[in-house]
$ cat my_file-v1.cif   # mmCIF, C-alpha atoms
data_start
loop_
_atom_site.label_atom_id
_atom_site.label_comp_id
_atom_site.auth_asym_id
_atom_site.auth_seq_id
_atom_site.Cartn_x
_atom_site.Cartn_y
_atom_site.Cartn_z
CA MET H 1 188.67 85.14 93.28
CA GLU H 2 188.35 81.81 91.44
CA SER H 3 191.74 80.61 92.67
CA LEU H 4 190.90 81.65 96.26
CA ILE H 5 187.62 79.72 96.08
CA ARG H 6 189.46 76.66 94.78
CA GLU H 7 192.10 76.94 97.52
CA LEU H 8 189.43 77.36 100.19
CA LYS H 9 187.57 74.27 98.99
CA GLU H 10 190.79 72.27 99.20
CA HIS H 11 191.38 73.49 102.77
CA LEU H 12 187.82 72.49 103.71
CA ILE H 13 188.19 69.02 102.18
CA ARG H 14 191.51 68.41 103.94
CA GLU H 15 190.82 69.98 107.35
CA LEU H 16 187.26 68.67 107.66
CA ASN H 17 188.24 65.27 106.21
CA LEU H 18 185.35 65.35 103.74
CA GLU H 19 185.15 61.82 102.40
CA ASP H 20 184.74 61.14 98.68
CA ILE H 21 184.33 64.84 97.85
CA THR H 22 186.42 66.83 95.37
CA ALA H 23 186.61 70.60 94.95
CA GLU H 24 184.42 70.25 91.85
CA ASP H 25 181.67 68.59 93.92
CA ILE H 26 181.30 71.63 96.20
CA ASP H 27 178.85 74.25 94.93
CA SER H 28 180.38 77.62 95.84
CA LYS H 29 176.95 79.18 96.38
CA ALA H 30 175.37 76.31 98.34
CA PRO H 31 174.98 76.58 102.13
CA LEU H 32 177.84 75.08 104.14
CA PHE H 33 175.64 74.19 107.11
CA GLY H 34 172.35 72.33 107.31
CA GLU H 35 171.01 69.61 105.08
CA GLU H 36 170.84 71.53 101.80
CA GLY H 37 174.56 71.88 101.16
CA LEU H 38 177.63 70.26 102.65
CA GLY H 39 175.85 69.41 105.92
CA LEU H 40 178.53 70.82 108.20
CA ASP H 41 177.94 71.26 111.95
CA SER H 42 179.17 73.34 114.89
CA ILE H 43 182.47 71.43 115.26
CA ASP H 44 183.16 72.14 111.59
CA ALA H 45 182.47 75.84 112.29
CA LEU H 46 185.33 75.76 114.82
CA GLU H 47 187.57 74.08 112.24
CA ILE H 48 186.69 76.82 109.69
CA ILE H 49 187.58 79.53 112.24
CA LEU H 50 191.00 77.83 112.52
CA ILE H 51 191.37 77.71 108.73
CA LEU H 52 190.76 81.49 108.62
CA GLU H 53 193.34 82.10 111.36
CA LYS H 54 196.02 79.67 110.21
CA HIS H 55 195.93 80.20 106.46
CA TYR H 56 194.70 83.79 106.09
CA GLY H 57 195.59 85.47 109.39
CA ILE H 58 191.97 86.43 110.01
CA LYS H 59 190.52 86.47 113.52
CA LEU H 60 186.77 86.66 113.58
CA GLN H 61 186.17 89.36 116.23
CA ASN H 62 182.41 89.61 116.17
CA SER H 63 180.46 86.35 116.38
CA ALA H 64 177.36 88.09 114.99
CA GLU H 65 179.08 88.53 111.63
CA ALA H 66 179.88 84.82 111.41
CA LYS H 67 176.50 83.65 110.17
CA PRO H 68 176.46 85.56 106.83
CA VAL H 69 180.22 85.04 106.37
CA PHE H 70 179.96 81.27 106.93
CA TYR H 71 176.93 80.86 104.66
CA SER H 72 178.78 79.46 101.62
CA VAL H 73 182.25 79.00 100.15
CA GLU H 74 181.61 82.13 98.08
CA THR H 75 180.73 84.32 101.10
CA LEU H 76 183.73 82.95 103.01
CA ALA H 77 186.05 83.68 100.07
CA GLY H 78 184.62 87.22 99.80
CA TYR H 79 185.31 87.82 103.50
CA ILE H 80 188.85 86.43 103.18
CA ALA H 81 189.57 88.63 100.12
CA LYS H 82 188.56 91.73 102.09
CA ASN H 83 190.28 90.90 105.39
CA ARG H 84 193.31 88.69 104.71
CA ARG H 85 196.70 89.81 105.99
CA MET E 86 182.58 32.50 135.45
CA CYS E 87 180.81 33.68 132.29
CA TYR E 88 179.99 32.38 128.83
CA ILE E 89 181.32 33.48 125.48
CA GLU E 90 178.72 33.84 122.78
CA ALA E 91 180.81 35.47 120.07
CA VAL E 92 184.29 36.74 119.35
CA ALA E 93 185.39 39.00 116.51
CA THR E 94 188.74 40.44 115.56
CA HIS E 95 189.68 43.15 113.10
CA LEU E 96 191.10 40.36 110.92
CA ASN E 97 187.71 38.82 110.11
CA LEU E 98 185.52 41.81 109.37
CA THR E 99 182.78 41.29 106.80
CA HIS E 100 181.15 44.73 106.84
CA ASP E 101 182.36 47.90 105.17
CA ILE E 102 182.76 50.85 107.54
CA LYS E 103 180.10 52.74 105.51
CA GLU E 104 177.66 49.99 106.40
CA VAL E 105 178.69 50.08 110.07
CA VAL E 106 178.55 53.89 110.34
CA PRO E 107 176.20 55.21 107.67
CA ASP E 108 176.42 58.80 108.97
CA ALA E 109 179.18 60.42 106.88
CA THR E 110 179.68 63.26 109.42
CA LEU E 111 180.31 60.77 112.21
CA ARG E 112 182.49 58.62 109.98
CA ARG E 113 184.79 61.35 108.72
CA ARG E 114 185.77 62.27 112.28
CA MET E 115 186.68 58.69 113.15
CA SER E 116 190.36 57.78 113.04
CA ARG E 117 191.61 54.45 111.70
CA ILE E 118 191.59 52.69 115.10
CA VAL E 119 188.13 54.00 115.98
CA LYS E 120 186.81 52.68 112.66
CA MET E 121 188.62 49.38 113.13
CA ALA E 122 187.39 48.84 116.69
CA THR E 123 183.83 50.01 116.03
CA ALA E 124 183.57 47.70 113.00
CA THR E 125 184.89 44.80 115.12
CA ALA E 126 182.29 45.47 117.83
CA PHE E 127 179.62 45.64 115.11
CA GLU E 128 180.81 42.28 113.74
CA CYS E 129 180.78 40.69 117.20
CA THR E 130 177.28 41.81 118.12
CA GLY E 131 175.72 41.32 114.71
CA GLY E 132 175.06 45.03 114.23
CA VAL E 133 172.83 47.73 115.65
CA PRO E 134 170.08 45.40 117.04
CA GLY E 135 172.75 43.41 118.91
CA ILE E 136 174.33 46.57 120.35
CA ALA E 137 170.91 47.88 121.44
CA GLU E 138 170.39 44.70 123.51
CA LEU E 139 173.64 45.07 125.47
CA ASP E 140 173.53 45.73 129.21
CA ALA E 141 177.14 46.90 129.40
CA ILE E 142 179.96 47.93 127.08
CA VAL E 143 183.45 47.55 128.54
CA THR E 144 186.46 48.49 126.45
CA ALA E 145 190.19 48.32 127.07
CA THR E 146 193.16 50.02 125.54
CA GLY E 147 196.78 50.48 126.48
CA LEU E 148 197.54 53.55 124.41
CA GLY E 149 194.11 54.74 123.27
CA CYS E 150 193.51 56.57 120.02
CA LEU E 151 197.18 57.20 119.49
CA ALA E 152 197.13 58.82 116.04
CA ASP E 153 194.66 61.50 117.20
CA SER E 154 196.63 61.99 120.44
CA GLU E 155 199.82 62.51 118.44
CA ARG E 156 198.03 64.92 116.09
CA PHE E 157 196.74 66.92 119.05
CA LEU E 158 200.15 67.04 120.79
CA GLU E 159 201.86 67.97 117.54
CA GLN E 160 199.42 70.88 117.14
CA ILE E 161 200.09 72.06 120.71
CA HIS E 162 203.82 71.98 119.97
CA ARG E 163 203.52 73.67 116.54
CA THR E 164 201.11 76.42 117.56
CA ASP E 165 202.30 76.92 121.13
CA GLY E 166 198.93 75.83 122.43
CA GLN E 167 197.01 78.24 120.21
CA MET E 168 194.60 77.39 117.38
CA LEU E 169 193.99 73.76 118.32
CA ASN E 170 191.65 71.78 116.09
CA PRO E 171 188.75 70.39 118.12
CA THR E 172 188.40 67.04 116.30
CA PRO E 173 191.66 65.30 117.35
CA PHE E 174 191.11 66.54 120.92
CA ILE E 175 187.58 65.14 121.03
CA GLN E 176 188.54 61.86 119.36
CA SER E 177 191.79 61.21 121.21
CA THR E 178 190.18 60.29 124.51
CA PHE E 179 190.51 56.67 125.59
CA ASN E 180 186.77 56.07 125.78
CA THR E 181 186.05 57.22 122.21
CA VAL E 182 185.52 53.66 120.95
CA GLY E 183 183.13 52.67 123.76
CA ALA E 184 181.17 55.85 123.15
CA GLN E 185 181.03 55.34 119.38
CA ILE E 186 179.69 51.80 119.82
CA ALA E 187 176.96 53.08 122.15
CA LEU E 188 176.15 55.95 119.76
CA LEU E 189 175.61 53.51 116.88
CA ALA E 190 172.52 52.12 118.57
CA GLY E 191 171.65 54.90 121.02
CA ASN E 192 172.51 52.51 123.86
CA HIS E 193 172.70 54.26 127.25
CA CYS E 194 173.90 51.25 129.27
CA TYR E 195 176.94 51.02 131.57
CA ASN E 196 179.94 52.10 129.51
CA MET E 197 183.46 51.83 130.90
CA THR E 198 186.98 51.95 129.50
CA TYR E 199 190.07 50.48 131.19
CA VAL E 200 193.52 51.89 130.47
CA HIS E 201 195.84 49.65 132.46
CA ARG E 202 198.80 49.13 130.12
CA GLY E 203 199.33 45.37 129.48
CA ARG E 204 196.50 44.44 131.82
CA SER E 205 193.80 46.55 130.19
CA PHE E 206 191.96 43.69 128.49
CA GLU E 207 192.02 41.54 131.62
CA SER E 208 190.69 44.51 133.63
CA ALA E 209 187.82 44.91 131.16
CA LEU E 210 187.08 41.17 131.32
CA THR E 211 187.08 41.30 135.13
CA ASP E 212 184.62 44.19 135.15
CA ALA E 213 182.41 42.43 132.57
CA MET E 214 182.42 39.24 134.64
CA LEU E 215 181.53 41.17 137.81
CA GLN E 216 178.64 42.88 136.01
CA LEU E 217 177.36 39.46 134.97
CA LYS E 218 177.98 37.78 138.33
CA GLU E 219 176.23 40.46 140.35
CA GLY E 220 173.20 40.45 138.09
CA ASP E 221 173.69 43.99 136.84
CA ALA E 222 173.92 42.70 133.28
CA CYS E 223 172.96 39.67 131.21
CA ARG E 224 174.80 40.51 127.99
CA VAL E 225 178.08 42.39 128.02
CA LEU E 226 180.30 43.44 125.16
CA ALA E 227 183.96 43.47 126.21
CA GLY E 228 186.79 44.36 123.91
CA ALA E 229 190.24 45.75 123.46
CA PHE E 230 192.03 47.82 120.86
CA ASP E 231 195.39 49.42 120.27
CA GLU E 232 196.97 51.03 117.25
CA SER E 233 200.58 51.49 116.30
CA THR E 234 201.95 54.59 114.63
CA PRO E 235 205.34 55.32 113.05
CA THR E 236 206.06 57.92 115.76
CA GLN E 237 205.31 55.47 118.58
CA HIS E 238 207.42 52.78 116.91
CA HIS E 239 210.32 55.20 116.47
CA ILE E 240 210.19 56.51 120.06
CA MET E 241 209.97 53.03 121.55
CA GLU E 242 212.77 51.83 119.28
CA ARG E 243 215.03 54.65 120.52
CA MET E 244 214.17 53.64 124.08
CA GLY E 245 215.33 50.08 123.29
CA PHE E 246 211.86 48.84 124.01
CA TRP E 247 211.41 46.20 121.31
CA ARG E 248 214.29 43.83 122.18
CA GLY E 249 213.48 41.42 119.34
CA ALA E 250 209.73 41.93 119.61
CA GLU E 251 207.62 43.49 116.86
CA ASP E 252 205.00 46.13 117.41
CA GLY E 253 201.45 45.40 116.38
CA GLU E 254 197.91 46.61 116.60
CA GLY E 255 194.46 45.17 116.62
CA ALA E 256 190.90 45.13 117.88
CA VAL E 257 189.07 42.23 119.51
CA PHE E 258 185.55 42.11 120.92
CA THR E 259 183.70 39.35 122.71
CA LEU E 260 180.07 38.98 123.68
CA LEU E 261 179.66 37.57 127.18
CA THR E 262 176.59 36.22 128.94
CA ALA E 263 175.84 35.26 132.52
CA THR E 264 174.29 31.92 131.60
CA ALA E 265 174.97 29.47 128.81
CA THR E 266 172.87 29.89 125.68
CA SER E 267 172.49 27.77 122.57
CA ASN E 268 175.07 30.06 120.94
CA SER E 269 177.69 29.73 123.70
CA ILE E 270 181.13 28.68 122.46
CA ALA E 271 183.15 28.45 125.67
CA ARG E 272 183.31 29.74 129.21
CA ILE E 273 185.82 31.92 131.00
CA SER E 274 186.49 30.20 134.29
CA LYS E 275 189.21 32.48 135.58
CA VAL E 276 190.91 35.84 135.05
CA GLU E 277 193.80 36.52 137.41
CA PHE E 278 196.38 39.24 137.87
CA LEU E 279 199.65 37.63 138.94
CA PRO E 280 202.18 39.26 141.27
CA SER E 281 205.16 37.83 139.35
CA PRO E 282 205.86 35.99 136.06
CA LEU E 283 205.27 32.23 135.80
CA SER E 284 206.98 29.65 133.61
CA GLU E 285 204.92 27.37 131.38
CA ARG E 286 205.40 24.54 133.89
CA GLN E 287 204.21 26.73 136.76
CA CYS E 288 201.17 27.83 134.71
CA ARG E 289 200.30 24.21 134.00
CA GLU E 290 200.73 23.13 137.62
CA LYS E 291 198.65 25.96 138.98
CA TYR E 292 195.89 26.37 136.39
CA ALA E 293 195.54 23.32 134.11
CA ALA E 294 192.59 21.08 134.95
CA GLY E 295 193.91 18.06 133.03
CA SER E 296 196.55 16.72 130.68
CA GLY E 297 194.61 17.97 127.63
CA THR E 298 194.91 21.58 128.73
CA ARG E 299 196.89 23.82 126.39
CA VAL E 300 199.03 26.43 128.01
CA TRP E 301 199.81 29.40 125.77
CA ARG E 302 202.71 31.51 126.80
CA SER E 303 204.55 33.98 124.57
CA LEU E 304 202.77 32.82 121.43
CA ASP E 305 204.37 35.23 119.04
CA LYS E 306 206.74 38.14 118.75
CA THR E 307 204.03 40.75 118.22
CA VAL E 308 203.60 42.94 121.26
CA TYR E 309 201.18 45.71 122.06
CA PRO E 310 199.39 46.47 125.32
CA CYS E 311 196.17 44.67 124.40
CA CYS E 312 197.71 41.80 122.40
CA SER E 313 196.42 39.33 125.02
CA ALA E 314 192.95 40.01 123.59
CA MET E 315 194.11 38.60 120.25
CA ARG E 316 195.52 35.54 122.07
CA PHE E 317 192.17 35.23 123.86
CA ALA E 318 190.40 35.21 120.46
CA LYS E 319 192.78 32.51 119.17
CA ALA E 320 192.19 30.46 122.33
CA VAL E 321 188.42 30.63 121.83
CA GLU E 322 188.99 29.36 118.28
CA GLU E 323 191.07 26.51 119.72
CA ILE E 324 188.21 25.56 122.06
CA ARG E 325 185.82 25.71 119.11
CA LYS E 326 188.09 23.21 117.33
CA GLY E 327 187.88 20.80 120.28
CA ALA E 328 190.44 21.75 122.92
CA PRO E 329 189.05 21.09 126.42
CA GLU E 330 190.83 23.98 128.11
CA VAL E 331 193.25 26.75 127.17
CA VAL E 332 195.26 28.72 129.72
CA VAL E 333 196.36 32.04 128.22
CA TYR E 334 199.32 33.53 130.02
CA ASN E 335 200.17 37.09 129.11
CA ASP E 336 202.80 39.54 130.16
CA TYR E 337 203.83 42.88 128.73
CA PHE E 338 207.59 42.72 128.25
CA GLY E 339 207.86 40.40 131.24
CA LYS E 340 205.77 42.66 133.47
CA GLU E 341 202.16 42.71 134.63
CA PRO E 342 201.47 38.99 134.08
CA THR E 343 197.89 37.77 133.83
CA ILE E 344 196.06 34.50 133.30
CA ILE E 345 192.81 33.83 131.44
CA VAL E 346 191.44 30.28 131.65
CA LEU E 347 188.98 29.22 128.95
CA GLN E 348 187.08 25.94 129.05
CA CYS E 349 184.86 24.06 126.64
CA LEU E 350 181.19 23.60 127.55
#

$ encode --input "my_file-v1.cif" --output "structure tokens"
Amino acid sequence: MESLIRELKEHLIRELNLEDITAEDIDSKAPLFGEEGLGLDSIDALEIILILEKHYGIKLQNSAEAKPVFYSVETLAGYIAKNRR
Amino acid sequence: MCYIEAVATHLNLTHDIKEVVPDATLRRRMSRIVKMATATAFECTGGVPGIAELDAIVTATGLGCLADSERFLEQIHRTDGQMLNPTPFIQSTFNTVGAQIALLAGNHCYNMTYVHRGRSFESALTDAMLQLKEGDACRVLAGAFDESTPTQHHIMERMGFWRGAEDGEGAVFTLLTATATSNSIARISKVEFLPSPLSERQCREKYAAGSGTRVWRSLDKTVYPCCSAMRFAKAVEEIRKGAPEVVVYNDYFGKEPTIIVLQCL
């Protein structure tokens, strides 16, 4: 799980072009969206959906499940571990 | 006719992009040319208060935000039109720079972008001058930008496009007013789109007001669609140094010739 979390953070940094941020700077449990954590927005949510599809072969079928899945790096990694192809 | 209050190029920037665009979310989506052009506009207007006072923002570009356009096209090709990232699509539009400048200060004024190959900058200047002449605006920011990428250079090289010329890139912005102010540097007396190329002698005969007029034609080897904007900036500098009049002739590989006539006050 640790290596998946690390890999996911690197994808986020690269695909979302997060300036001056390293994998170590991202708290795995902190919220991805809103002002408390990384401060991502709706365009970033679309980019994360593409990361799931491109790198892990996961298509999010039900938009209602997105909110808890997209809460943090840890919840995203948990979802990937269960559903990756 | 209109008056030039300020000119800035990407070569004389004094502000860091983090100062120009403090919002990290906005900044991380901006490509190199968007950052370069936005910072140049910021430099020209003196920052957010200057942008807020503008009555019109008119930008010009020959090729637009090329790096983002290439990224978007490459993704279409690689994924067969599936799974396209939204950011390069959003940012690759030609009016991205004009919009970013307006967003910096929440300015909702007239905002137009001209994409007319080698005549883009002159088209933007013409629109800016019309806005000022007809009283729709008192202060207009007009500018031009183009970026070069390795892919574009390679494709144009294979097409035999360069023919001894060198590709380039740049951003230039100028602040124009309807009437002269204490900050005015020069005036633009004429912008013309010519039906066919002119020699230096023909330019002088047709446009020079006196023997002191400098006629600039094919100044350097660097060519990109909006390079006449950089020549315009150099001409303004020449007026600032004491030249009475500069006639800037521009053509894009011998096509689409234009004239800009600048005069001292």

$ resolve_selection --input "my_file-v1.cif" --expression "the PyMOL selection byres ((chain E) within 8 of (chain H))" --output "PDB file with C-alpha atoms, in the frame of the given file"
ATOM      1  CA  ALA E 109     179.180  60.420 106.880  1.00  0.00           C
ATOM      2  CA  THR E 110     179.680  63.260 109.420  1.00  0.00           C
ATOM      3  CA  ARG E 113     184.790  61.350 108.720  1.00  0.00           C
ATOM      4  CA  ARG E 114     185.770  62.270 112.280  1.00  0.00           C
ATOM      5  CA  MET E 168     194.600  77.390 117.380  1.00  0.00           C
ATOM      6  CA  LEU E 169     193.990  73.760 118.320  1.00  0.00           C
ATOM      7  CA  ASN E 170     191.650  71.780 116.090  1.00  0.00           C
ATOM      8  CA  PRO E 171     188.750  70.390 118.120  1.00  0.00           C
ATOM      9  CA  THR E 172     188.400  67.040 116.300  1.00  0.00           C
TER      10      THR E 172
END

$ residues_around --input "my_file-v1.cif" --residues "segment 69-84 of chain H" --least-positions-apart "4" --cutoff "6 Å" --atoms "all atoms listed in the file" --output "PyMOL selection string"
chain H and resi 5+28-32+56+58

$ resolve_selection --input "my_file-v1.cif" --expression "the PyMOL selection byres ((chain E and resi 334) around 12)" --output "PyMOL selection string"
chain E and resi 203-204+207+275-279+281-289+291-293+299-304+312-314+316-317+320+331-333+335-337+339-347

$ residues_around --input "my_file-v1.cif" --residues "segment 117-128 of chain E" --least-positions-apart "6" --cutoff "7 Å" --atoms "only C-alpha atoms" --output "PyMOL selection string"
chain E and resi 93-95+98+102+105+150+182+185-186+230+232+256-258

$ closest_residue --input "my_file-v1.cif" --among "E:Pro173, E:Gly297, E:Gly245, E:Gly183" --to "Ile136 of chain E" --atoms "all atoms listed in the file"
E:Gly183

$ closest_residue --input "my_file-v1.cif" --among "E:Ser296, E:Thr211, E:Thr262, E:Thr130" --to "Val143 of chain E" --atoms "all atoms listed in the file"
E:Thr211

$ residues_around --input "my_file-v1.cif" --residues "Ser208 of chain E" --least-positions-apart "6" --cutoff "8 Å" --atoms "only C-alpha atoms" --output "tab-separated table (two decimals) with C-alpha atoms, in the frame of the given file"
chain	number	residue	atom	x	y	z
E	145	ALA	CA	190.19	48.32	127.07
E	199	TYR	CA	190.07	50.48	131.19
E	201	HIS	CA	195.84	49.65	132.46

$ decode --input "my_file-v1.cif" --residues "segment 112-179 of chain E" --atoms "C-alpha atoms" --output "PDB file, in the first residue's frame"
ATOM      1  CA  ARG E 112      -0.490  29.610 -11.966  1.00  0.00           C
ATOM      2  CA  ARG E 113       0.078  25.874 -12.226  1.00  0.00           C
ATOM      3  CA  ARG E 114      -2.347  25.634 -15.152  1.00  0.00           C
ATOM      4  CA  MET E 115      -0.584  28.392 -17.072  1.00  0.00           C
ATOM      5  CA  SER E 116       1.827  27.324 -19.800  1.00  0.00           C
ATOM      6  CA  ARG E 117       5.137  29.084 -20.420  1.00  0.00           C
ATOM      7  CA  ILE E 118       3.741  31.499 -23.043  1.00  0.00           C
ATOM      8  CA  VAL E 119       0.697  32.352 -20.921  1.00  0.00           C
ATOM      9  CA  LYS E 120       2.992  33.162 -17.990  1.00  0.00           C
ATOM     10  CA  MET E 121       5.334  35.139 -20.235  1.00  0.00           C
ATOM     11  CA  ALA E 122       2.570  37.180 -21.867  1.00  0.00           C
ATOM     12  CA  THR E 123       0.606  37.766 -18.656  1.00  0.00           C
ATOM     13  CA  ALA E 124       3.756  38.954 -16.873  1.00  0.00           C
ATOM     14  CA  THR E 125       4.519  41.300 -19.800  1.00  0.00           C
ATOM     15  CA  ALA E 126       1.002  42.775 -19.647  1.00  0.00           C
ATOM     16  CA  PHE E 127       1.417  43.173 -15.878  1.00  0.00           C
ATOM     17  CA  GLU E 128       4.732  44.991 -16.450  1.00  0.00           C
ATOM     18  CA  CYS E 129       3.189  47.285 -19.070  1.00  0.00           C
ATOM     19  CA  THR E 130       0.204  48.325 -16.979  1.00  0.00           C
ATOM     20  CA  GLY E 131       2.003  48.539 -13.660  1.00  0.00           C
ATOM     21  CA  GLY E 132       0.047  45.658 -12.155  1.00  0.00           C
ATOM     22  CA  VAL E 133      -3.483  44.916 -11.009  1.00  0.00           C
ATOM     23  CA  PRO E 134      -4.586  48.570 -10.433  1.00  0.00           C
ATOM     24  CA  GLY E 135      -3.463  49.436 -13.976  1.00  0.00           C
ATOM     25  CA  ILE E 136      -5.319  46.452 -15.465  1.00  0.00           C
ATOM     26  CA  ALA E 137      -8.473  47.347 -13.520  1.00  0.00           C
ATOM     27  CA  GLU E 138      -8.478  50.806 -15.159  1.00  0.00           C
ATOM     28  CA  LEU E 139      -8.372  49.462 -18.724  1.00  0.00           C
ATOM     29  CA  ASP E 140     -11.331  50.019 -21.042  1.00  0.00           C
ATOM     30  CA  ALA E 141     -10.255  47.338 -23.514  1.00  0.00           C
ATOM     31  CA  ILE E 142      -7.794  44.469 -23.766  1.00  0.00           C
ATOM     32  CA  VAL E 143      -6.830  43.478 -27.312  1.00  0.00           C
ATOM     33  CA  THR E 144      -4.378  40.657 -27.857  1.00  0.00           C
ATOM     34  CA  ALA E 145      -2.831  39.148 -30.965  1.00  0.00           C
ATOM     35  CA  THR E 146      -1.186  35.859 -31.721  1.00  0.00           C
ATOM     36  CA  GLY E 147      -0.247  33.976 -34.845  1.00  0.00           C
ATOM     37  CA  LEU E 148      -0.075  30.491 -33.403  1.00  0.00           C
ATOM     38  CA  GLY E 149      -1.655  30.867 -29.961  1.00  0.00           C
ATOM     39  CA  CYS E 150      -0.711  28.734 -26.985  1.00  0.00           C
ATOM     40  CA  LEU E 151       1.177  26.274 -29.122  1.00  0.00           C
ATOM     41  CA  ALA E 152       2.644  23.990 -26.450  1.00  0.00           C
ATOM     42  CA  ASP E 153      -0.808  23.310 -24.961  1.00  0.00           C
ATOM     43  CA  SER E 154      -2.292  22.844 -28.447  1.00  0.00           C
ATOM     44  CA  GLU E 155       0.418  20.300 -29.270  1.00  0.00           C
ATOM     45  CA  ARG E 156      -0.161  18.520 -25.950  1.00  0.00           C
ATOM     46  CA  PHE E 157      -3.886  18.328 -26.644  1.00  0.00           C
ATOM     47  CA  LEU E 158      -3.420  17.054 -30.220  1.00  0.00           C
ATOM     48  CA  GLU E 159      -0.827  14.531 -29.068  1.00  0.00           C
ATOM     49  CA  GLN E 160      -3.330  13.212 -26.497  1.00  0.00           C
ATOM     50  CA  ILE E 161      -6.046  12.907 -29.160  1.00  0.00           C
ATOM     51  CA  HIS E 162      -3.619  10.944 -31.329  1.00  0.00           C
ATOM     52  CA  ARG E 163      -2.325   8.735 -28.482  1.00  0.00           C
ATOM     53  CA  THR E 164      -5.694   7.922 -26.922  1.00  0.00           C
ATOM     54  CA  ASP E 165      -7.789   7.928 -30.089  1.00  0.00           C
ATOM     55  CA  GLY E 166      -9.807  10.840 -28.772  1.00  0.00           C
ATOM     56  CA  GLN E 167     -10.527   9.160 -25.442  1.00  0.00           C
ATOM     57  CA  MET E 168      -9.365  10.250 -21.978  1.00  0.00           C
ATOM     58  CA  LEU E 169      -8.391  13.809 -22.877  1.00  0.00           C
ATOM     59  CA  ASN E 170      -7.011  15.964 -20.086  1.00  0.00           C
ATOM     60  CA  PRO E 171      -9.111  19.100 -19.660  1.00  0.00           C
ATOM     61  CA  THR E 172      -6.284  21.535 -18.825  1.00  0.00           C
ATOM     62  CA  PRO E 173      -4.435  21.667 -22.188  1.00  0.00           C
ATOM     63  CA  PHE E 174      -7.800  21.915 -23.973  1.00  0.00           C
ATOM     64  CA  ILE E 175      -8.920  24.820 -21.801  1.00  0.00           C
ATOM     65  CA  GLN E 176      -5.558  26.599 -21.988  1.00  0.00           C
ATOM     66  CA  SER E 177      -4.835  26.067 -25.674  1.00  0.00           C
ATOM     67  CA  THR E 178      -7.423  28.537 -26.933  1.00  0.00           C
ATOM     68  CA  PHE E 179      -6.077  31.669 -28.586  1.00  0.00           C
TER      69      PHE E 179
END
